[in-house]
Each structure stands twice: as structure tokens, then as C-alpha cells.
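Text of the file start.cif, holding mmCIF, C-alpha atoms:
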```cif
data_model
loop_
_atom_site.label_atom_id
_atom_site.label_comp_id
_atom_site.auth_asym_id
_atom_site.auth_seq_id
_atom_site.Cartn_x
_atom_site.Cartn_y
_atom_site.Cartn_z
CA MET Z 291 -30.72 2.20 -22.65
CA SER Z 292 -31.90 -0.94 -20.89
CA HIS Z 293 -29.89 -4.10 -20.39
CA ASN Z 294 -31.56 -7.47 -20.06
CA CYS Z 295 -28.29 -8.97 -18.86
CA LYS Z 296 -28.24 -8.88 -15.06
CA ARG Z 297 -24.81 -10.37 -14.33
CA PHE Z 298 -24.31 -8.32 -11.19
CA VAL Z 299 -27.53 -8.83 -9.24
CA GLY Z 300 -26.62 -9.23 -5.58
CA LYS Z 301 -23.14 -7.76 -6.12
CA VAL Z 302 -21.73 -4.59 -4.59
CA ALA Z 303 -19.36 -2.48 -6.68
CA VAL Z 304 -17.13 0.31 -5.34
CA LEU Z 305 -15.48 2.72 -7.76
CA THR Z 306 -12.87 5.42 -7.24
CA GLY Z 307 -12.79 8.42 -9.56
CA SER Z 308 -16.31 7.64 -10.73
CA THR Z 309 -18.34 10.84 -10.88
CA ASP Z 310 -17.65 11.52 -14.55
CA GLY Z 311 -15.92 10.09 -17.60
CA ILE Z 312 -15.04 6.41 -17.87
CA GLY Z 313 -15.52 5.77 -14.14
CA LEU Z 314 -19.11 7.04 -14.22
CA ALA Z 315 -19.83 5.05 -17.40
CA ILE Z 316 -18.61 1.85 -15.73
CA ALA Z 317 -20.68 2.64 -12.61
CA ARG Z 318 -23.75 3.16 -14.79
CA ARG Z 319 -23.29 -0.13 -16.64
CA LEU Z 320 -22.70 -2.08 -13.43
CA GLY Z 321 -25.90 -0.56 -12.01
CA GLN Z 322 -27.87 -1.34 -15.17
CA GLU Z 323 -26.78 -4.96 -14.81
CA GLY Z 324 -28.03 -5.17 -11.25
CA ALA Z 325 -25.10 -4.16 -9.02
CA LYS Z 326 -25.46 -1.94 -5.99
CA VAL Z 327 -23.00 0.84 -6.75
CA VAL Z 328 -20.81 3.13 -4.63
CA VAL Z 329 -19.40 6.09 -6.55
CA SER Z 330 -16.75 8.43 -5.18
CA SER Z 331 -14.50 11.38 -5.87
CA ARG Z 332 -12.73 14.04 -3.85
CA ASN Z 333 -15.39 16.65 -4.72
CA ILE Z 334 -18.67 16.22 -2.82
CA GLU Z 335 -20.65 18.30 -5.35
CA ASN Z 336 -19.57 15.94 -8.11
CA VAL Z 337 -20.48 12.94 -5.92
CA ASN Z 338 -23.97 14.30 -5.26
CA ARG Z 339 -24.53 15.11 -8.95
CA ALA Z 340 -23.48 11.62 -10.06
CA VAL Z 341 -25.70 9.94 -7.45
CA GLU Z 342 -28.69 12.03 -8.50
CA GLU Z 343 -28.05 11.21 -12.16
CA LEU Z 344 -27.79 7.45 -11.55
CA ARG Z 345 -30.80 7.31 -9.23
CA LYS Z 346 -32.93 8.88 -11.96
CA GLU Z 347 -32.01 5.79 -14.00
CA ASN Z 348 -33.26 3.52 -11.18
CA ILE Z 349 -29.75 2.46 -10.20
CA GLU Z 350 -29.24 1.58 -6.53
CA VAL Z 351 -26.35 3.85 -5.63
CA ILE Z 352 -24.72 5.80 -2.85
CA GLY Z 353 -21.92 8.35 -3.10
CA VAL Z 354 -18.96 8.90 -0.80
CA LYS Z 355 -16.45 11.76 -0.78
CA CYS Z 356 -13.03 10.09 -1.07
CA HIS Z 357 -9.64 11.50 -1.94
CA VAL Z 358 -7.82 8.25 -2.72
CA SER Z 359 -4.54 9.56 -1.34
CA ASN Z 360 -6.15 9.90 2.10
CA LYS Z 361 -5.98 6.67 4.13
CA GLU Z 362 -8.93 7.56 6.36
CA GLU Z 363 -11.13 8.49 3.40
CA ARG Z 364 -10.27 5.22 1.61
CA ALA Z 365 -11.19 3.27 4.75
CA ASN Z 366 -14.42 5.24 5.04
CA LEU Z 367 -15.30 4.53 1.39
CA LEU Z 368 -15.05 0.78 1.96
CA GLN Z 369 -16.86 0.96 5.29
CA GLU Z 370 -19.76 2.95 3.81
CA ALA Z 371 -20.18 0.27 1.15
CA ILE Z 372 -20.32 -2.40 3.85
CA ASN Z 373 -22.65 -0.36 6.10
CA ASN Z 374 -25.11 0.34 3.28
CA PHE Z 375 -24.92 -2.80 1.16
CA GLY Z 376 -23.43 -5.52 3.39
CA GLY Z 377 -20.08 -6.14 1.70
CA ILE Z 378 -17.91 -5.56 -1.37
CA ASP Z 379 -17.64 -7.81 -4.43
CA LEU Z 380 -16.02 -5.55 -7.02
CA ILE Z 381 -13.65 -2.61 -6.93
CA VAL Z 382 -12.83 -0.42 -9.92
CA ALA Z 383 -9.74 1.76 -9.48
CA ALA Z 384 -10.79 4.36 -12.04
CA VAL Z 385 -9.13 7.44 -10.58
CA GLY Z 386 -6.37 8.97 -12.69
CA VAL Z 387 -4.53 12.28 -13.04
CA ASN Z 388 -2.18 13.88 -15.52
CA PRO Z 389 -1.09 17.36 -14.37
CA PHE Z 390 1.71 17.67 -16.96
CA ILE Z 391 1.68 17.64 -20.75
CA GLY Z 392 5.09 17.68 -22.39
CA TYR Z 393 8.23 15.61 -22.85
CA ILE Z 394 9.20 13.57 -19.80
CA THR Z 395 12.55 15.36 -19.72
CA GLU Z 396 10.65 18.53 -18.79
CA CYS Z 397 8.31 16.95 -16.24
CA PRO Z 398 8.62 18.59 -12.80
CA GLU Z 399 9.27 16.24 -9.91
CA SER Z 400 6.08 17.42 -8.21
CA ALA Z 401 3.97 16.44 -11.24
CA PHE Z 402 5.74 13.09 -11.57
CA ASP Z 403 5.15 12.37 -7.87
CA LYS Z 404 1.44 13.22 -8.15
CA ILE Z 405 0.97 11.07 -11.26
CA PHE Z 406 2.54 8.01 -9.63
CA GLN Z 407 0.89 8.65 -6.24
CA VAL Z 408 -2.64 8.75 -7.62
CA ASN Z 409 -2.42 6.48 -10.66
CA VAL Z 410 -0.22 3.74 -9.18
CA LYS Z 411 0.22 3.91 -5.40
CA ASP Z 412 -3.40 4.79 -4.60
CA SER Z 413 -4.65 2.03 -6.92
CA PHE Z 414 -2.31 -0.38 -5.14
CA LEU Z 415 -3.53 0.73 -1.71
CA ILE Z 416 -7.28 0.57 -2.39
CA ALA Z 417 -6.89 -2.88 -3.94
CA LYS Z 418 -4.81 -4.13 -1.02
CA GLU Z 419 -7.26 -2.71 1.51
CA VAL Z 420 -10.36 -4.21 -0.12
CA ILE Z 421 -9.04 -7.78 -0.35
CA PRO Z 422 -9.87 -8.78 3.26
CA HIS Z 423 -13.49 -7.67 2.65
CA MET Z 424 -13.67 -9.71 -0.56
CA LYS Z 425 -12.34 -12.78 1.22
CA LYS Z 426 -15.31 -12.55 3.59
CA ARG Z 427 -17.60 -12.78 0.53
CA GLY Z 428 -15.77 -15.83 -0.80
CA GLY Z 429 -14.14 -13.94 -3.67
CA GLY Z 430 -14.42 -10.86 -5.82
CA SER Z 431 -13.12 -8.86 -8.73
CA ILE Z 432 -10.58 -6.05 -8.98
CA LEU Z 433 -10.38 -3.87 -12.09
CA PHE Z 434 -7.47 -1.50 -12.67
CA LEU Z 435 -7.61 1.17 -15.39
CA SER Z 436 -4.61 1.51 -17.64
CA SER Z 437 -4.54 3.29 -21.00
CA ILE Z 438 -4.01 2.71 -24.69
CA ALA Z 439 -1.15 5.20 -24.24
CA VAL Z 440 0.87 2.24 -22.96
CA TYR Z 441 0.84 0.73 -26.46
CA LYS Z 442 1.08 3.91 -28.54
CA ASP Z 443 3.77 6.49 -29.22
CA THR Z 444 2.69 9.23 -26.80
CA PRO Z 445 5.74 11.45 -26.23
CA LEU Z 446 3.82 14.37 -24.71
CA ILE Z 447 2.28 12.26 -21.93
CA GLY Z 448 5.35 10.18 -21.10
CA ALA Z 449 5.02 10.41 -17.32
CA TYR Z 450 1.34 9.47 -17.47
CA SER Z 451 2.06 6.59 -19.88
CA SER Z 452 4.79 5.34 -17.54
CA SER Z 453 2.33 5.27 -14.63
CA LYS Z 454 -0.19 3.36 -16.71
CA THR Z 455 2.51 0.88 -17.74
CA ALA Z 456 3.14 0.27 -14.04
CA ILE Z 457 -0.57 -0.61 -13.71
CA LEU Z 458 0.01 -3.59 -16.03
CA GLY Z 459 2.65 -4.91 -13.64
CA LEU Z 460 0.38 -4.23 -10.66
CA THR Z 461 -2.38 -6.27 -12.31
CA LYS Z 462 -0.12 -9.27 -12.86
CA ALA Z 463 1.30 -9.11 -9.35
CA PHE Z 464 -2.11 -8.88 -7.66
CA SER Z 465 -3.66 -11.58 -9.85
CA ARG Z 466 -1.03 -14.12 -8.79
CA ALA Z 467 -1.29 -13.12 -5.13
CA VAL Z 468 -5.08 -13.53 -4.77
CA VAL Z 469 -6.03 -16.24 -7.27
CA ALA Z 470 -6.31 -18.80 -4.45
CA ASP Z 471 -8.83 -16.50 -2.72
CA ASN Z 472 -11.16 -16.62 -5.74
CA ILE Z 473 -10.43 -12.97 -6.56
CA ARG Z 474 -10.02 -12.06 -10.23
CA VAL Z 475 -7.80 -9.14 -11.19
CA ASN Z 476 -8.11 -7.50 -14.58
CA CYS Z 477 -6.86 -4.38 -16.32
CA LEU Z 478 -8.65 -2.24 -18.90
CA ALA Z 479 -6.38 -0.28 -21.25
CA ALA Z 480 -8.94 2.36 -22.17
CA GLY Z 481 -8.84 3.98 -25.59
CA ILE Z 482 -9.25 7.67 -26.35
CA THR Z 483 -12.62 8.58 -24.87
CA ASP Z 484 -14.52 11.86 -25.12
CA THR Z 485 -14.18 13.04 -21.53
CA LYS Z 486 -13.03 16.17 -19.71
CA PHE Z 487 -9.79 14.35 -18.93
CA ILE Z 488 -8.87 13.91 -22.60
CA ALA Z 489 -9.92 17.43 -23.60
CA ARG Z 490 -6.52 18.83 -22.68
#
```

Same coordinates, now as C-alpha cells:
Amino acid sequence: MSHNCKRFVGKVAVLTGSTDGIGLAIARRLGQEGAKVVVSSRNIENVNRAVEELRKENIEVIGVKCHVSNKEERANLLQEAINNFGGIDLIVAAVGVNPFIGYITECPESAFDKIFQVNVKDSFLIAKEVIPHMKKRGGGSILFLSSIAVYKDTPLIGAYSSSKTAILGLTKAFSRAVVADNIRVNCLAAGITDTKFIAR
């Protein structure tokens, strides 16, 4: 599929959790519309596969191994984008986990902690850490990924839904904090999408 719209020519987009599923689809579309793209995940084989796939589609892309809960790896992700492409204009916090399916009353503390660490805290941290780089470019765009589960009755993914509800608050808080820096902050509440993540 080709896109005549080239809204992102000259822009650099960094994405977490972007070697498959919705993250990879967003990376692909950004690349089709002219962005230089940096994909990442904690698994280097997945990173290499995604980069190879996108390059075959003539998308200018690099891949970086990044576990978003690791401070040094987050810093390296941003630095690699700057080293290779000169700066960062967009960040997409696409990473998300859900290790527990069942009523929230049965959710183990370890699963709850992981869900909120990755889905909420790590999204908060990568957004906070990228803002100084965006200021150097005169502005930018931050996209958080929430879920339609926030608006639906989803009793068996209550902990996950709670984390994605927190993302709505995070979006509002960040948008007010950086509006004067010409940085837009948006949130996508993704619907049910045919990915490995939803297969469970």
C-alpha cells in the first residue's frame, strides 16, 4: 500500500513495543508518510525482524533493543535516534503487557505490579525523558496507547483496564505541562485488534 500523504517528511519517530502488533503498524504508517523510524522491543531478534520487514518497504528505519523498564536502555534508545537521525519529533509509547486474565480480586500482586510498571510508569518515564530532546526541535508529539477496554465492561482484564485508565490521566497531565513547549500529547484507545497480544 502506498500513501501519497507525506505528513512526516523530515520527522523522526521513536516507538516502544513496536516490533509487532499495533506498534509495528503505527511504525509502518509513519514510515510510509515519510518519517525516519526507530523501532524497539526487549527482544533483539524481534527488533531485527521488524527492521528487515520495514526496510523491504523502503522505510528509513533503525532498530534498538530496549526493555522500557531499564533506565539505561531507555536512554540508549533516545540517544540512538539522535545519533542516527539528528533528533526526535515523535514518541509512541506502544508497549503494553497483561500477564493476568481473571477477576481483579484474584490478581496476584506481582502481576499487578508488572502491569502498572510497564503500561503506566514506563510510559510516564519515556515521555518525561524525551521532552528535553523535543524542546531542542522546537516542539513535538507524544502518543500514549490506551485501550477500548477503558470504556467497555471487561471484568476478566480488570487490572489491565485500570492501567489503561491511568493512561488517560497521564495524557491530560502531560498535555497541560508541555503545551507551552509546542508539544502535543494524545492518547489512542485502541479497539480489539488481531494481534498476538489479543489472542489470549

Quiz item: Which of these residues is nearest to Asn373 in chain Z, using all atoms listed in the file: Z:Val328, Z:Cys295, Z:Cys356, Z:Leu478?
Solution: Z:Val328

Self-check item: Point (-7.9, 2.1, -15.7) neighbourhood (9 Å, all atoms listed in the file) written as a ChimeraX atom specification
Solution: /Z:312-313,382-386,409,433-437,454,457,477-480

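Using all atoms listed in the file, the shortest contact distance between Tyr450 in chain Z and any of Z:Ile394, Z:Ala325, Z:Ala303, Z:Val358 is found at Z:Ile394.
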
Practice problem: Work out how far CA of Ala463 in chain Z is from CA of Ala317 in chain Z, in Å to one decimal. | Solution: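 Atom-to-atom, CA of Ala317 in chain Z to CA of Ala463 in chain Z, that is 25.1 Å.
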
Exercise. Taking the file above as input, evaluate the PyMOL selection byres ((chain Z and resi 416-423) around 9) and report the hits as a count of residues only.
Key: 29

Practice problem: Check the smallest atom-to-atom distance from each of Z:His357, Z:Lys404, Z:Arg339, Z:Arg474 to Leu314 in chain Z using all atoms listed in the file, then report the winner. | Solution: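 Once distances to Leu314 in chain Z are computed over all atoms listed in the file, the minimum belongs to Z:Arg339.
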
Exercise. Please indicate the distance in Å from CA of Leu367 in chain Z to CA of Val351 in chain Z, rounded to one decimal place.
Key: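 Distance between the two atoms: 13.1 Å.
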
Quiz prompt | Separation of CA of Asn476 in chain Z from CA of Lys462 in chain Z, in Å and rounded to one decimal | solution =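 CA of Lys462 in chain Z lies at a distance of 8.4 Å from CA of Asn476 in chain Z.
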
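Considering the residues Z:Gly324, Z:Glu363, Z:Gly428, Z:Val304 and counting all atoms listed in the file, Asn348 in chain Z has its shortest atom-to-atom contact with Z:Gly324.
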
When the PyMOL selection byres ((chain Z and resi 315) around 12) is applied to the structure above, which residues does it catch, written out as a compact mmCIF listing (two decimals) with C-alpha atoms, in the frame of the given file?
```
# COMPACT_ATOMS: atom_id res chain seq x y z
CA LEU Z 305 -15.48 2.72 -7.76
CA GLY Z 307 -12.79 8.42 -9.56
CA SER Z 308 -16.31 7.64 -10.73
CA THR Z 309 -18.34 10.84 -10.88
CA ASP Z 310 -17.65 11.52 -14.55
CA GLY Z 311 -15.92 10.09 -17.60
CA ILE Z 312 -15.04 6.41 -17.87
CA GLY Z 313 -15.52 5.77 -14.14
CA LEU Z 314 -19.11 7.04 -14.22
CA ILE Z 316 -18.61 1.85 -15.73
CA ALA Z 317 -20.68 2.64 -12.61
CA ARG Z 318 -23.75 3.16 -14.79
CA ARG Z 319 -23.29 -0.13 -16.64
CA LEU Z 320 -22.70 -2.08 -13.43
CA GLY Z 321 -25.90 -0.56 -12.01
CA GLN Z 322 -27.87 -1.34 -15.17
CA VAL Z 327 -23.00 0.84 -6.75
CA VAL Z 329 -19.40 6.09 -6.55
CA ALA Z 340 -23.48 11.62 -10.06
CA GLU Z 343 -28.05 11.21 -12.16
CA LEU Z 344 -27.79 7.45 -11.55
CA VAL Z 382 -12.83 -0.42 -9.92
CA ALA Z 384 -10.79 4.36 -12.04
CA THR Z 483 -12.62 8.58 -24.87
CA ASP Z 484 -14.52 11.86 -25.12
CA THR Z 485 -14.18 13.04 -21.53
```

Report as JSON the centre and the edge lengths, in Å to one decimal, of the axis-aligned box holding every listed atom of range 311-318 of chain Z, padded by 6 Å on each side.
```
{"center_x": -19.4, "center_y": 6.0, "center_z": -15.2, "size_x": 20.7, "size_y": 20.2, "size_z": 17.3}
```

Exercise. Translate the PyMOL selection byres ((chain Z and resi 439) around 10), as applied to the file shown, into an explicit residue set as a ChimeraX atom specification.
Key: /Z:436-438,440-445,447-448,450-452,454-455,479-482

Any chance you could model all heavy atoms for range 465-476 of chain Z and send them as an mmCIF file, in the frame of the given file?
```cif
data_model
loop_
_atom_site.group_PDB
_atom_site.id
_atom_site.type_symbol
_atom_site.label_atom_id
_atom_site.label_comp_id
_atom_site.auth_asym_id
_atom_site.auth_seq_id
_atom_site.Cartn_x
_atom_site.Cartn_y
_atom_site.Cartn_z
ATOM 1 N N SER Z 465 -2.907 -10.408 -9.385
ATOM 2 C CA SER Z 465 -3.660 -11.580 -9.850
ATOM 3 C C SER Z 465 -3.029 -12.872 -9.330
ATOM 4 O O SER Z 465 -3.739 -13.795 -8.947
ATOM 5 C CB SER Z 465 -3.726 -11.600 -11.380
ATOM 6 O OG SER Z 465 -2.452 -11.783 -11.949
ATOM 7 N N ARG Z 466 -1.714 -12.917 -9.298
ATOM 8 C CA ARG Z 466 -1.030 -14.120 -8.790
ATOM 9 C C ARG Z 466 -1.197 -14.248 -7.284
ATOM 10 O O ARG Z 466 -1.259 -15.353 -6.748
ATOM 11 C CB ARG Z 466 0.450 -14.067 -9.157
ATOM 12 C CG ARG Z 466 0.690 -14.161 -10.663
ATOM 13 C CD ARG Z 466 2.170 -14.296 -10.987
ATOM 14 N NE ARG Z 466 2.386 -14.314 -12.428
ATOM 15 C CZ ARG Z 466 2.893 -13.305 -13.125
ATOM 16 N NH1 ARG Z 466 3.229 -12.193 -12.512
ATOM 17 N NH2 ARG Z 466 3.071 -13.396 -14.426
ATOM 18 N N ALA Z 467 -1.254 -13.109 -6.594
ATOM 19 C CA ALA Z 467 -1.290 -13.120 -5.130
ATOM 20 C C ALA Z 467 -2.647 -13.537 -4.575
ATOM 21 O O ALA Z 467 -2.726 -14.056 -3.454
ATOM 22 C CB ALA Z 467 -0.906 -11.747 -4.590
ATOM 23 N N VAL Z 468 -3.733 -13.304 -5.331
ATOM 24 C CA VAL Z 468 -5.080 -13.530 -4.770
ATOM 25 C C VAL Z 468 -5.892 -14.579 -5.521
ATOM 26 O O VAL Z 468 -7.060 -14.793 -5.210
ATOM 27 C CB VAL Z 468 -5.882 -12.212 -4.684
ATOM 28 C CG1 VAL Z 468 -5.198 -11.243 -3.729
ATOM 29 C CG2 VAL Z 468 -6.073 -11.584 -6.058
ATOM 30 N N VAL Z 469 -5.274 -15.253 -6.488
ATOM 31 C CA VAL Z 469 -6.030 -16.240 -7.270
ATOM 32 C C VAL Z 469 -6.594 -17.346 -6.374
ATOM 33 O O VAL Z 469 -7.710 -17.819 -6.585
ATOM 34 C CB VAL Z 469 -5.165 -16.817 -8.420
ATOM 35 C CG1 VAL Z 469 -3.961 -17.592 -7.882
ATOM 36 C CG2 VAL Z 469 -6.001 -17.701 -9.334
ATOM 37 N N ALA Z 470 -5.850 -17.737 -5.341
ATOM 38 C CA ALA Z 470 -6.310 -18.800 -4.450
ATOM 39 C C ALA Z 470 -7.485 -18.353 -3.576
ATOM 40 O O ALA Z 470 -8.183 -19.187 -2.994
ATOM 41 C CB ALA Z 470 -5.160 -19.279 -3.560
ATOM 42 N N ASP Z 471 -7.709 -17.041 -3.498
ATOM 43 C CA ASP Z 471 -8.830 -16.500 -2.720
ATOM 44 C C ASP Z 471 -10.060 -16.254 -3.582
ATOM 45 O O ASP Z 471 -11.009 -15.598 -3.137
ATOM 46 C CB ASP Z 471 -8.405 -15.181 -2.051
ATOM 47 C CG ASP Z 471 -7.257 -15.376 -1.079
ATOM 48 O OD1 ASP Z 471 -7.390 -16.218 -0.176
ATOM 49 O OD2 ASP Z 471 -6.223 -14.702 -1.231
ATOM 50 N N ASN Z 472 -10.039 -16.773 -4.822
ATOM 51 C CA ASN Z 472 -11.160 -16.620 -5.740
ATOM 52 C C ASN Z 472 -11.421 -15.151 -6.084
ATOM 53 O O ASN Z 472 -12.558 -14.722 -6.252
ATOM 54 C CB ASN Z 472 -12.435 -17.262 -5.166
ATOM 55 C CG ASN Z 472 -13.523 -17.426 -6.215
ATOM 56 O OD1 ASN Z 472 -13.231 -17.686 -7.384
ATOM 57 N ND2 ASN Z 472 -14.766 -17.259 -5.803
ATOM 58 N N ILE Z 473 -10.337 -14.377 -6.168
ATOM 59 C CA ILE Z 473 -10.430 -12.970 -6.560
ATOM 60 C C ILE Z 473 -9.766 -12.805 -7.926
ATOM 61 O O ILE Z 473 -8.598 -13.159 -8.101
ATOM 62 C CB ILE Z 473 -9.761 -12.046 -5.528
ATOM 63 C CG1 ILE Z 473 -10.467 -12.167 -4.168
ATOM 64 C CG2 ILE Z 473 -9.777 -10.596 -6.012
ATOM 65 C CD1 ILE Z 473 -9.768 -11.447 -3.038
ATOM 66 N N ARG Z 474 -10.543 -12.306 -8.884
ATOM 67 C CA ARG Z 474 -10.020 -12.060 -10.230
ATOM 68 C C ARG Z 474 -9.482 -10.632 -10.293
ATOM 69 O O ARG Z 474 -10.076 -9.710 -9.735
ATOM 70 C CB ARG Z 474 -11.118 -12.225 -11.284
ATOM 71 C CG ARG Z 474 -11.565 -13.660 -11.480
ATOM 72 C CD ARG Z 474 -12.652 -13.783 -12.530
ATOM 73 N NE ARG Z 474 -13.853 -13.032 -12.172
ATOM 74 C CZ ARG Z 474 -14.249 -11.910 -12.766
ATOM 75 N NH1 ARG Z 474 -13.565 -11.387 -13.746
ATOM 76 N NH2 ARG Z 474 -15.361 -11.318 -12.378
ATOM 77 N N VAL Z 475 -8.391 -10.464 -11.011
ATOM 78 C CA VAL Z 475 -7.800 -9.140 -11.190
ATOM 79 C C VAL Z 475 -7.595 -8.889 -12.677
ATOM 80 O O VAL Z 475 -6.927 -9.670 -13.351
ATOM 81 C CB VAL Z 475 -6.452 -9.013 -10.445
ATOM 82 C CG1 VAL Z 475 -5.935 -7.582 -10.521
ATOM 83 C CG2 VAL Z 475 -6.589 -9.457 -8.993
ATOM 84 N N ASN Z 476 -8.210 -7.826 -13.165
ATOM 85 C CA ASN Z 476 -8.110 -7.500 -14.580
ATOM 86 C C ASN Z 476 -7.695 -6.040 -14.762
ATOM 87 O O ASN Z 476 -7.766 -5.234 -13.825
ATOM 88 C CB ASN Z 476 -9.436 -7.744 -15.298
ATOM 89 C CG ASN Z 476 -9.713 -9.223 -15.474
ATOM 90 O OD1 ASN Z 476 -9.062 -9.890 -16.265
ATOM 91 N ND2 ASN Z 476 -10.675 -9.737 -14.720
#
```
